[in-house]
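See below for work_37.pdb, which holds PDB, C-alpha atoms.
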ATOM      1  CA  MET R   1       7.175 157.087  53.983
ATOM      2  CA  SER R   2       8.823 156.681  50.571
ATOM      3  CA  ARG R   3      12.255 158.080  49.805
ATOM      4  CA  MET R   4      10.751 160.693  47.487
ATOM      5  CA  SER R   5       8.339 161.731  50.247
ATOM      6  CA  LEU R   6      11.321 162.294  52.460
ATOM      7  CA  VAL R   7      12.822 164.499  49.795
ATOM      8  CA  ILE R   8       9.672 166.583  49.644
ATOM      9  CA  ALA R   9       9.307 166.834  53.383
ATOM     10  CA  THR R  10      12.868 167.701  54.279
ATOM     11  CA  LEU R  11      15.508 170.208  53.440
ATOM     12  CA  ILE R  12      17.901 169.262  50.713
ATOM     13  CA  PHE R  13      21.374 170.663  51.209
ATOM     14  CA  ILE R  14      23.321 171.213  48.074
ATOM     15  CA  THR R  15      26.773 170.023  49.044
ATOM     16  CA  PRO R  16      28.027 166.876  50.766
ATOM     17  CA  PHE R  17      29.340 169.120  53.476
ATOM     18  CA  ILE R  18      29.269 172.823  54.240
ATOM     19  CA  SER R  19      32.515 174.452  55.179
ATOM     20  CA  PRO R  20      32.604 176.866  58.136
ATOM     21  CA  LEU R  21      31.166 180.239  57.166
ATOM     22  CA  ARG R  22      33.092 183.451  57.375
ATOM     23  CA  ALA R  23      31.723 185.916  59.893
ATOM     24  CA  ASP R  24      30.531 188.216  57.098
ATOM     25  CA  THR R  25      28.952 185.472  54.975
ATOM     26  CA  ARG R  26      25.183 185.794  54.556
ATOM     27  CA  VAL R  27      23.146 182.591  54.203
ATOM     28  CA  ILE R  28      20.553 182.809  51.399
ATOM     29  CA  THR R  29      17.642 180.395  51.067
ATOM     30  CA  LEU R  30      16.905 179.093  47.575
ATOM     31  CA  TRP R  31      13.502 177.499  46.991
ATOM     32  CA  ASN R  32      12.844 174.815  44.383
ATOM     33  CA  TYR R  33       9.260 173.581  44.012
ATOM     34  CA  TYR R  34       9.941 171.164  41.156
ATOM     35  CA  LEU R  35      10.003 167.786  42.873
ATOM     36  CA  THR R  36      10.386 165.617  39.765
ATOM     37  CA  PRO R  37      13.237 164.907  37.327
ATOM     38  CA  PRO R  38      15.325 166.531  36.065
ATOM     39  CA  PHE R  39      15.107 169.093  38.883
ATOM     40  CA  LEU R  40      15.355 166.354  41.508
ATOM     41  CA  VAL R  41      16.582 162.858  40.658
ATOM     42  CA  GLY R  42      16.449 160.642  43.730
ATOM     43  CA  ASP R  43      17.514 162.002  47.098
ATOM     44  CA  SER R  44      20.741 163.815  46.287
ATOM     45  CA  GLU R  45      20.971 164.525  42.572
ATOM     46  CA  GLY R  46      19.267 166.754  40.042
ATOM     47  CA  LEU R  47      19.413 169.997  38.148
ATOM     48  CA  ALA R  48      18.463 172.123  41.170
ATOM     49  CA  ILE R  49      21.276 170.641  43.244
ATOM     50  CA  ASP R  50      23.851 170.946  40.470
ATOM     51  CA  PHE R  51      22.815 174.525  39.755
ATOM     52  CA  VAL R  52      23.134 175.636  43.365
ATOM     53  CA  ASN R  53      26.458 173.838  43.761
ATOM     54  CA  LEU R  54      27.677 175.830  40.765
ATOM     55  CA  LEU R  55      26.298 179.027  42.255
ATOM     56  CA  ASN R  56      28.091 178.420  45.538
ATOM     57  CA  ASP R  57      31.381 177.635  43.834
ATOM     58  CA  GLU R  58      31.207 180.672  41.554
ATOM     59  CA  LEU R  59      30.117 183.125  44.275
ATOM     60  CA  ALA R  60      31.986 181.708  47.265
ATOM     61  CA  GLY R  61      32.707 184.219  49.997
ATOM     62  CA  LYS R  62      30.038 186.807  50.667
ATOM     63  CA  PHE R  63      26.999 184.511  50.287
ATOM     64  CA  GLU R  64      26.254 180.889  51.159
ATOM     65  CA  PHE R  65      23.319 179.509  49.161
ATOM     66  CA  ARG R  66      21.265 176.699  50.662
ATOM     67  CA  LEU R  67      18.558 174.818  48.811
ATOM     68  CA  ILE R  68      15.146 173.856  50.110
ATOM     69  CA  SER R  69      12.902 171.730  47.889
ATOM     70  CA  LEU R  70       9.260 171.995  48.858
ATOM     71  CA  PRO R  71       5.742 171.696  47.395
ATOM     72  CA  ARG R  72       4.328 174.721  45.577
ATOM     73  CA  ALA R  73       1.594 175.180  48.198
ATOM     74  CA  ARG R  74       4.189 175.601  50.943
ATOM     75  CA  LEU R  75       6.175 178.043  48.824
ATOM     76  CA  ASN R  76       3.020 180.089  48.284
ATOM     77  CA  LYS R  77       2.534 180.166  52.057
ATOM     78  CA  TYR R  78       6.108 181.359  52.636
ATOM     79  CA  LEU R  79       5.733 184.113  50.063
ATOM     80  CA  ALA R  80       2.412 185.206  51.601
ATOM     81  CA  GLU R  81       4.191 185.397  54.978
ATOM     82  CA  GLN R  82       6.846 187.580  53.288
ATOM     83  CA  ARG R  83       9.671 185.212  54.068
ATOM     84  CA  GLN R  84      12.812 186.151  52.179
ATOM     85  CA  GLY R  85      14.479 183.913  49.628
ATOM     86  CA  VAL R  86      15.074 183.138  45.964
ATOM     87  CA  VAL R  87      12.789 180.932  43.851
ATOM     88  CA  LEU R  88      14.546 178.906  41.168
ATOM     89  CA  PHE R  89      13.593 178.348  37.528
ATOM     90  CA  VAL R  90      10.344 180.340  37.409
ATOM     91  CA  ASN R  91       8.574 182.799  35.151
ATOM     92  CA  TRP R  92       6.472 185.720  36.397
ATOM     93  CA  ARG R  93       3.407 184.352  34.581
ATOM     94  CA  TRP R  94       3.227 181.560  37.166
ATOM     95  CA  MET R  95       3.760 183.600  40.319
ATOM     96  CA  GLY R  96       0.579 185.613  40.745
ATOM     97  CA  ASP R  97      -0.753 189.003  39.740
ATOM     98  CA  ASP R  98       1.861 191.698  39.132
ATOM     99  CA  ALA R  99       4.678 189.280  40.044
ATOM    100  CA  GLU R 100       6.884 190.810  37.346
ATOM    101  CA  ASN R 101       6.876 194.096  39.270
ATOM    102  CA  HIS R 102       6.410 192.813  42.819
ATOM    103  CA  TYR R 103       9.586 190.680  42.847
ATOM    104  CA  LEU R 104      13.118 191.031  41.503
ATOM    105  CA  TRP R 105      14.107 188.942  38.485
ATOM    106  CA  THR R 106      17.392 187.795  37.002
ATOM    107  CA  PRO R 107      17.894 187.481  33.256
ATOM    108  CA  ALA R 108      16.758 184.182  31.741
ATOM    109  CA  ILE R 109      18.691 181.115  32.908
ATOM    110  CA  TRP R 110      17.521 179.206  29.840
ATOM    111  CA  GLN R 111      14.748 179.122  27.268
ATOM    112  CA  ASP R 112      12.164 176.387  27.729
ATOM    113  CA  ARG R 113       8.952 175.447  25.960
ATOM    114  CA  ASN R 114       5.847 173.379  26.540
ATOM    115  CA  GLU R 115       5.951 170.574  24.013
ATOM    116  CA  VAL R 116       2.858 169.058  22.398
ATOM    117  CA  ILE R 117       3.601 165.331  22.546
ATOM    118  CA  SER R 118       1.738 162.579  20.709
ATOM    119  CA  SER R 119       2.603 159.034  19.701
ATOM    120  CA  SER R 120       4.921 158.474  16.758
ATOM    121  CA  GLN R 121       1.980 156.846  14.965
ATOM    122  CA  THR R 122      -0.373 159.797  15.469
ATOM    123  CA  ARG R 123       2.221 162.557  14.807
ATOM    124  CA  LEU R 124      -0.017 165.416  15.874
ATOM    125  CA  VAL R 125       1.044 168.803  14.497
ATOM    126  CA  PHE R 126      -0.104 171.666  16.725
ATOM    127  CA  HIS R 127      -1.341 174.798  14.931
ATOM    128  CA  GLY R 128      -3.255 176.343  17.835
ATOM    129  CA  PRO R 129      -6.132 175.350  20.117
ATOM    130  CA  GLU R 130      -8.472 174.532  17.218
ATOM    131  CA  SER R 131      -6.080 171.816  16.037
ATOM    132  CA  LEU R 132      -6.816 169.914  19.277
ATOM    133  CA  LYS R 133     -10.592 169.869  18.823
ATOM    134  CA  GLY R 134     -12.087 166.435  19.471
ATOM    135  CA  LEU R 135      -8.924 165.115  21.135
ATOM    136  CA  THR R 136      -8.149 163.945  24.668
ATOM    137  CA  LEU R 137      -5.386 165.701  26.604
ATOM    138  CA  VAL R 138      -3.549 163.666  29.247
ATOM    139  CA  ALA R 139      -2.666 166.448  31.703
ATOM    140  CA  VAL R 140      -0.846 166.753  35.005
ATOM    141  CA  ARG R 141      -3.364 167.571  37.703
ATOM    142  CA  GLY R 142      -3.442 171.268  38.554
ATOM    143  CA  ARG R 143      -1.806 172.476  35.338
ATOM    144  CA  GLN R 144      -3.567 175.360  33.668
ATOM    145  CA  TYR R 145      -3.713 175.868  29.906
ATOM    146  CA  GLN R 146      -5.157 179.336  29.456
ATOM    147  CA  SER R 147      -5.650 179.218  25.697
ATOM    148  CA  LEU R 148      -7.496 175.879  25.964
ATOM    149  CA  LYS R 149      -9.910 176.885  28.744
ATOM    150  CA  PRO R 150     -12.850 177.847  26.495
ATOM    151  CA  MET R 151     -12.634 174.596  24.516
ATOM    152  CA  LEU R 152     -12.172 172.508  27.673
ATOM    153  CA  ALA R 153     -15.224 174.199  29.208
ATOM    154  CA  ARG R 154     -17.288 173.320  26.106
ATOM    155  CA  ASN R 155     -15.923 169.754  26.201
ATOM    156  CA  GLU R 156     -14.474 170.240  22.720
ATOM    157  CA  ILE R 157     -11.199 168.985  24.177
ATOM    158  CA  LYS R 158     -11.436 166.247  26.797
ATOM    159  CA  ARG R 159      -9.020 166.271  29.724
ATOM    160  CA  PHE R 160      -7.748 163.226  31.612
ATOM    161  CA  ASP R 161      -5.698 164.110  34.723
ATOM    162  CA  VAL R 162      -2.804 162.223  36.301
ATOM    163  CA  ASN R 163      -0.407 163.125  39.092
ATOM    164  CA  ARG R 164       2.960 163.201  37.300
ATOM    165  CA  GLU R 165       4.469 163.781  33.857
ATOM    166  CA  LYS R 166       5.851 160.238  33.804
ATOM    167  CA  GLN R 167       2.345 158.815  34.232
ATOM    168  CA  ALA R 168       1.052 161.033  31.438
ATOM    169  CA  LEU R 169       3.671 159.759  28.996
ATOM    170  CA  ALA R 170       3.036 156.129  29.908
ATOM    171  CA  LEU R 171      -0.743 156.445  29.553
ATOM    172  CA  LEU R 172      -0.441 158.365  26.290
ATOM    173  CA  LEU R 173       1.404 155.441  24.770
ATOM    174  CA  LYS R 174      -1.213 153.043  26.109
ATOM    175  CA  GLY R 175      -3.843 154.899  24.088
ATOM    176  CA  ARG R 176      -5.540 156.629  27.020
ATOM    177  CA  GLY R 177      -5.292 159.982  25.251
ATOM    178  CA  ASP R 178      -4.166 161.710  22.082
ATOM    179  CA  LEU R 179      -1.584 164.120  23.464
ATOM    180  CA  THR R 180       0.135 165.492  26.524
ATOM    181  CA  ILE R 181       1.680 168.930  27.055
ATOM    182  CA  GLN R 182       4.878 169.051  29.087
ATOM    183  CA  PRO R 183       7.884 171.325  29.628
ATOM    184  CA  ARG R 184      10.717 170.268  27.352
ATOM    185  CA  SER R 185      13.062 170.318  30.357
ATOM    186  CA  VAL R 186      10.990 167.570  31.987
ATOM    187  CA  ALA R 187       9.869 165.622  28.930
ATOM    188  CA  MET R 188      13.277 165.119  27.314
ATOM    189  CA  PHE R 189      14.767 163.736  30.530
ATOM    190  CA  LEU R 190      11.831 161.380  31.119
ATOM    191  CA  LEU R 191      11.666 160.173  27.524
ATOM    192  CA  ASP R 192      15.338 159.277  27.686
ATOM    193  CA  ASP R 193      15.016 157.655  31.103
ATOM    194  CA  MET R 194      11.927 155.669  30.020
ATOM    195  CA  LYS R 195      13.505 154.851  26.631
ATOM    196  CA  LEU R 196      10.497 156.247  24.786
ATOM    197  CA  LYS R 197      12.053 158.796  22.440
ATOM    198  CA  GLN R 198      11.406 156.689  19.361
ATOM    199  CA  GLN R 199       7.766 156.151  20.327
ATOM    200  CA  VAL R 200       6.675 159.786  20.585
ATOM    201  CA  TYR R 201       6.398 162.782  18.276
ATOM    202  CA  LEU R 202       7.004 166.389  19.317
ATOM    203  CA  SER R 203       5.096 168.936  17.294
ATOM    204  CA  PRO R 204       7.387 171.426  15.494
ATOM    205  CA  LYS R 205       5.280 174.235  16.952
ATOM    206  CA  PRO R 206       5.247 174.175  20.780
ATOM    207  CA  PHE R 207       2.210 174.936  22.883
ATOM    208  CA  LEU R 208       4.079 177.810  24.542
ATOM    209  CA  SER R 209       7.639 179.135  24.777
ATOM    210  CA  PHE R 210       8.913 180.725  27.991
ATOM    211  CA  THR R 211      12.039 181.612  29.921
ATOM    212  CA  ARG R 212      13.151 180.414  33.356
ATOM    213  CA  HIS R 213      14.610 182.858  35.873
ATOM    214  CA  MET R 214      15.506 183.299  39.527
ATOM    215  CA  MET R 215      12.917 185.328  41.438
ATOM    216  CA  LEU R 216      14.146 187.294  44.482
ATOM    217  CA  THR R 217      11.925 188.606  47.247
ATOM    218  CA  SER R 218      12.042 192.356  47.752
ATOM    219  CA  ASP R 219      14.394 192.503  50.764
ATOM    220  CA  LEU R 220      17.164 190.806  48.766
ATOM    221  CA  HIS R 221      17.718 193.813  46.494
ATOM    222  CA  GLU R 222      21.452 193.950  47.324
ATOM    223  CA  LEU R 223      21.806 190.383  46.017
ATOM    224  CA  HIS R 224      20.020 191.112  42.762
ATOM    225  CA  PRO R 225      22.998 192.552  40.811
ATOM    226  CA  THR R 226      25.218 189.635  41.884
ATOM    227  CA  LEU R 227      22.776 186.960  40.744
ATOM    228  CA  SER R 228      21.923 188.845  37.564
ATOM    229  CA  ASP R 229      25.600 189.064  36.670
ATOM    230  CA  PHE R 230      26.057 185.356  37.416
ATOM    231  CA  VAL R 231      23.178 184.433  35.107
ATOM    232  CA  SER R 232      24.334 186.769  32.340
ATOM    233  CA  ARG R 233      27.676 184.906  32.249
ATOM    234  CA  LEU R 234      26.209 181.385  32.189
ATOM    235  CA  ASP R 235      26.311 181.033  28.414
ATOM    236  CA  LYS R 236      30.117 181.115  28.625
ATOM    237  CA  ASN R 237      30.330 178.789  31.636
ATOM    238  CA  LEU R 238      31.641 175.367  30.535
ATOM    239  CA  ARG R 239      30.452 173.672  33.704
ATOM    240  CA  TRP R 240      26.917 174.983  33.126
ATOM    241  CA  LYS R 241      27.006 173.706  29.544
ATOM    242  CA  LYS R 242      27.890 170.259  30.866
ATOM    243  CA  ILE R 243      24.978 170.416  33.317
ATOM    244  CA  LEU R 244      22.566 171.309  30.502
ATOM    245  CA  LYS R 245      23.861 168.400  28.443
ATOM    246  CA  LYS R 246      23.645 166.042  31.426
ATOM    247  CA  TYR R 247      19.894 166.686  31.753
ATOM    248  CA  ASP R 248      19.212 166.873  28.002
ATOM    249  CA  LEU R 249      18.377 170.579  28.158
ATOM    250  CA  VAL R 250      20.364 171.619  25.101
ATOM    251  CA  GLU R 251      17.879 173.238  22.722
ATOM    252  CA  GLY R 252      17.064 171.022  19.804
ATOM    253  CA  SER R 253      18.631 167.856  21.266
ATOM    254  CA  GLU R 254      16.706 164.700  20.466
TER     255      GLU R 254
END

Representation of the structure as structure tokens:
Amino acid sequence: MSRMSLVIATLIFITPFISPLRADTRVITLWNYYLTPPFLVGDSEGLAIDFVNLLNDELAGKFEFRLISLPRARLNKYLAEQRQGVVLFVNWRWMGDDAENHYLWTPAIWQDRNEVISSSQTRLVFHGPESLKGLTLVAVRGRQYQSLKPMLARNEIKRFDVNREKQALALLLKGRGDLTIQPRSVAMFLLDDMKLKQQVYLSPKPFLSFTRHMMLTSDLHELHPTLSDFVSRLDKNLRWKKILKKYDLVEGSE
């Protein structure tokens, strides 16, 4: 089993050690289903780990937050079984029907967007689905693009699936497709890591803009004000700003 497989299959604790808990400290499970950079980088680093370390340091005392990174299918199973926990970095559009009302949500942690990425030679400018007619999209398997579904069904846009965002970027630059669509949070980290920033072009208009939040299951209502207050103060948190910069998540950074 590879090291990354071990990461997926096992619990990832967010601190090198966990100090003894006070008798009145409640342990809260945090779920992260993003198993690729920048959310997880190797076995013991990544945005998810840094974020939860910050959360524990800022809210030490009443709660102890522990991170579990797991595949989306397993998370869906836990939610269906009504297990209690907090899902990191999600938007209600991805979490099923009526998720906005069924779960509790913090304010936005940060603003993200799905970038339309082409080669620096092609320089594709996205104006809407019609601007992609006749092109081939290198997509991550399982990703849904609602506004493109009619054109994909009519084969007006061809789709070539791969398993990971990194593969999509590599194959795009080998001419296997005309574009890929990826979250900025993922793409900017990978482009820097793969040293490809000068070889790609990001359309000025994104495919979609969205916000990332923490989603709490219904029995954690007493935790909701605490986490919402924490998130609302993040824009003034210097340590959080350093984390954003570390993973190239500062809006507009190139």

Given the point (-5.3, 176.8, 15.6) in the file's coordinates, find the residues that have an atom at most 12 Å from it, counting all atoms listed in the file, and give them as a PDB file with C-alpha atoms, keeping the file's coordinate frame.
ATOM      1  CA  VAL R 125       1.044 168.803  14.497  1.00  0.00           C
ATOM      2  CA  PHE R 126      -0.104 171.666  16.725  1.00  0.00           C
ATOM      3  CA  HIS R 127      -1.341 174.798  14.931  1.00  0.00           C
ATOM      4  CA  GLY R 128      -3.255 176.343  17.835  1.00  0.00           C
ATOM      5  CA  PRO R 129      -6.132 175.350  20.117  1.00  0.00           C
ATOM      6  CA  GLU R 130      -8.472 174.532  17.218  1.00  0.00           C
ATOM      7  CA  SER R 131      -6.080 171.816  16.037  1.00  0.00           C
ATOM      8  CA  LEU R 132      -6.816 169.914  19.277  1.00  0.00           C
ATOM      9  CA  LYS R 133     -10.592 169.869  18.823  1.00  0.00           C
ATOM     10  CA  SER R 147      -5.650 179.218  25.697  1.00  0.00           C
ATOM     11  CA  LEU R 148      -7.496 175.879  25.964  1.00  0.00           C
ATOM     12  CA  MET R 151     -12.634 174.596  24.516  1.00  0.00           C
ATOM     13  CA  LYS R 205       5.280 174.235  16.952  1.00  0.00           C
ATOM     14  CA  PHE R 207       2.210 174.936  22.883  1.00  0.00           C
TER      15      PHE R 207
END

Using all atoms listed in the file for the distances, tell me which of R:Val162, R:Ala168, R:Val186, R:Leu216 is nearest to R:Gly142.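 With all atoms listed in the file as the atom set, the closest residue is R:Val162.
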
Using only C-alpha atoms, what table do you get, as JSON lines, when you list each residue of stretch 14-131 of chain R with an atom no more than 8 Å from stretch 227-235 of chain R, its nearest pair of atoms, and their distance in Å rounded to one decimal, rows by chain then rising number?
{"residue": "R:Leu55", "atom": "CA", "partner": "R:Phe230", "partner_atom": "CA", "distance": 8.0}
{"residue": "R:Trp105", "atom": "CA", "partner": "R:Ser228", "partner_atom": "CA", "distance": 7.9}
{"residue": "R:Thr106", "atom": "CA", "partner": "R:Ser228", "partner_atom": "CA", "distance": 4.7}
{"residue": "R:Pro107", "atom": "CA", "partner": "R:Ser228", "partner_atom": "CA", "distance": 6.1}
{"residue": "R:Ala108", "atom": "CA", "partner": "R:Val231", "partner_atom": "CA", "distance": 7.3}
{"residue": "R:Ile109", "atom": "CA", "partner": "R:Val231", "partner_atom": "CA", "distance": 6.0}

The residue from R:Trp31, R:Tyr201, R:Trp240, R:Tyr145 with the smallest atom-to-atom distance to R:Arg83, counting all atoms listed in the file, is R:Trp31

Could you expand the PyMOL selection byres ((chain R and resi 161) around 8) into the explicit residues it covers here, written as an MDAnalysis selection string? chainID R and resid 138:141 159:160 162:163

Find, counting all atoms listed in the file, the residue in R:His224, R:Tyr103, R:Met214, R:Arg26 that gets nearest to R:Gln82.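 When distances to R:Gln82 are compared using all atoms listed in the file, the smallest one comes from R:Tyr103.
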
R:Phe89, R:Phe65, R:Phe51, R:Tyr78 ranked by distance to R:Asn237, top pick (using only C-alpha atoms):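 Closest to R:Asn237 of all the choices is R:Phe51.
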
I'd like to know which of R:Ser209, R:Ser69, R:Gln182, R:Gln199 is closest to R:Arg113, using all atoms listed in the file.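 With all atoms listed in the file as the atom set, the closest residue is R:Ser209.
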
Could you list, as a ChimeraX atom specification, every residue matched by the PyMOL selection byres ((chain R and resi 52) around 12) in this structure? /R:12-15,28-32,39,45-51,53-60,63-69,86-89,214,227,230,240,243

What does the file look like for those residues with C-alpha atoms, as a compact mmCIF listing (two decimals), in the coordinates of the input?
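Saved file out_10.txt follows:
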# COMPACT_ATOMS: atom_id res chain seq x y z
CA ILE R 12 17.90 169.26 50.71
CA PHE R 13 21.37 170.66 51.21
CA ILE R 14 23.32 171.21 48.07
CA THR R 15 26.77 170.02 49.04
CA ILE R 28 20.55 182.81 51.40
CA THR R 29 17.64 180.40 51.07
CA LEU R 30 16.90 179.09 47.58
CA TRP R 31 13.50 177.50 46.99
CA ASN R 32 12.84 174.82 44.38
CA PHE R 39 15.11 169.09 38.88
CA GLU R 45 20.97 164.52 42.57
CA GLY R 46 19.27 166.75 40.04
CA LEU R 47 19.41 170.00 38.15
CA ALA R 48 18.46 172.12 41.17
CA ILE R 49 21.28 170.64 43.24
CA ASP R 50 23.85 170.95 40.47
CA PHE R 51 22.82 174.52 39.76
CA ASN R 53 26.46 173.84 43.76
CA LEU R 54 27.68 175.83 40.76
CA LEU R 55 26.30 179.03 42.26
CA ASN R 56 28.09 178.42 45.54
CA ASP R 57 31.38 177.64 43.83
CA GLU R 58 31.21 180.67 41.55
CA LEU R 59 30.12 183.12 44.28
CA ALA R 60 31.99 181.71 47.26
CA PHE R 63 27.00 184.51 50.29
CA GLU R 64 26.25 180.89 51.16
CA PHE R 65 23.32 179.51 49.16
CA ARG R 66 21.26 176.70 50.66
CA LEU R 67 18.56 174.82 48.81
CA ILE R 68 15.15 173.86 50.11
CA SER R 69 12.90 171.73 47.89
CA VAL R 86 15.07 183.14 45.96
CA VAL R 87 12.79 180.93 43.85
CA LEU R 88 14.55 178.91 41.17
CA PHE R 89 13.59 178.35 37.53
CA MET R 214 15.51 183.30 39.53
CA LEU R 227 22.78 186.96 40.74
CA PHE R 230 26.06 185.36 37.42
CA TRP R 240 26.92 174.98 33.13
CA ILE R 243 24.98 170.42 33.32

Extract, using all atoms listed in the file, all DNA, RNA and protein residues at most 6 Å from R:Val116, discarding same-chain residues fewer than 5 positions from it, and format them as a PDB file with C-alpha atoms, in the frame of the given file.
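Full text of selection.pdb as output:
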ATOM      1  CA  ILE R 181       1.680 168.930  27.055  1.00  0.00           C
ATOM      2  CA  LEU R 202       7.004 166.389  19.317  1.00  0.00           C
ATOM      3  CA  SER R 203       5.096 168.936  17.294  1.00  0.00           C
ATOM      4  CA  PRO R 206       5.247 174.175  20.780  1.00  0.00           C
ATOM      5  CA  PHE R 207       2.210 174.936  22.883  1.00  0.00           C
TER       6      PHE R 207
END

Could you state which residues are captured by the PyMOL selection byres ((chain R and resi 200) around 10) in this file, as a PDB file with C-alpha atoms, in the coordinates of the input?
ATOM      1  CA  ILE R 117       3.601 165.331  22.546  1.00  0.00           C
ATOM      2  CA  SER R 118       1.738 162.579  20.709  1.00  0.00           C
ATOM      3  CA  SER R 119       2.603 159.034  19.701  1.00  0.00           C
ATOM      4  CA  SER R 120       4.921 158.474  16.758  1.00  0.00           C
ATOM      5  CA  GLN R 121       1.980 156.846  14.965  1.00  0.00           C
ATOM      6  CA  THR R 122      -0.373 159.797  15.469  1.00  0.00           C
ATOM      7  CA  ARG R 123       2.221 162.557  14.807  1.00  0.00           C
ATOM      8  CA  LEU R 124      -0.017 165.416  15.874  1.00  0.00           C
ATOM      9  CA  LEU R 169       3.671 159.759  28.996  1.00  0.00           C
ATOM     10  CA  LEU R 172      -0.441 158.365  26.290  1.00  0.00           C
ATOM     11  CA  LEU R 173       1.404 155.441  24.770  1.00  0.00           C
ATOM     12  CA  LEU R 179      -1.584 164.120  23.464  1.00  0.00           C
ATOM     13  CA  LEU R 191      11.666 160.173  27.524  1.00  0.00           C
ATOM     14  CA  LEU R 196      10.497 156.247  24.786  1.00  0.00           C
ATOM     15  CA  LYS R 197      12.053 158.796  22.440  1.00  0.00           C
ATOM     16  CA  GLN R 198      11.406 156.689  19.361  1.00  0.00           C
ATOM     17  CA  GLN R 199       7.766 156.151  20.327  1.00  0.00           C
ATOM     18  CA  TYR R 201       6.398 162.782  18.276  1.00  0.00           C
ATOM     19  CA  LEU R 202       7.004 166.389  19.317  1.00  0.00           C
ATOM     20  CA  SER R 203       5.096 168.936  17.294  1.00  0.00           C
TER      21      SER R 203
END

Spatial neighbours of R:Lys166, 9 Å, all atoms listed in the file, chain gap at least 4 places, as a list in words: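 Neighbouring residues, sequence-local ones excluded: Ala170, Leu171, Ala187, Leu190, Leu191 and Met194 of chain R.
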
Give me, please, the distance in Å between atom CA of R:Leu104 and atom CA of R:Tyr33, quoted to one decimal.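 If I compute the distance from atom CA of R:Leu104 to atom CA of R:Tyr33, I get 18.0 Å.
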
Pick the closest to R:Met215 from R:Gly61, R:Pro71, R:Gly85, R:Pro37: which is it, counting only C-alpha atoms?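 For R:Met215, the nearest of the candidates is R:Gly85.
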
Could you give me the axis-aligned bounding box of stretch 195-200 of chain R, with 4 Å of padding per side, as centre plus edge lengths in Å to one decimal, as AutoDock Vina command-line options?
--center_x 10.1 --center_y 157.3 --center_z 23.0 --size_x 14.8 --size_y 12.9 --size_z 15.3
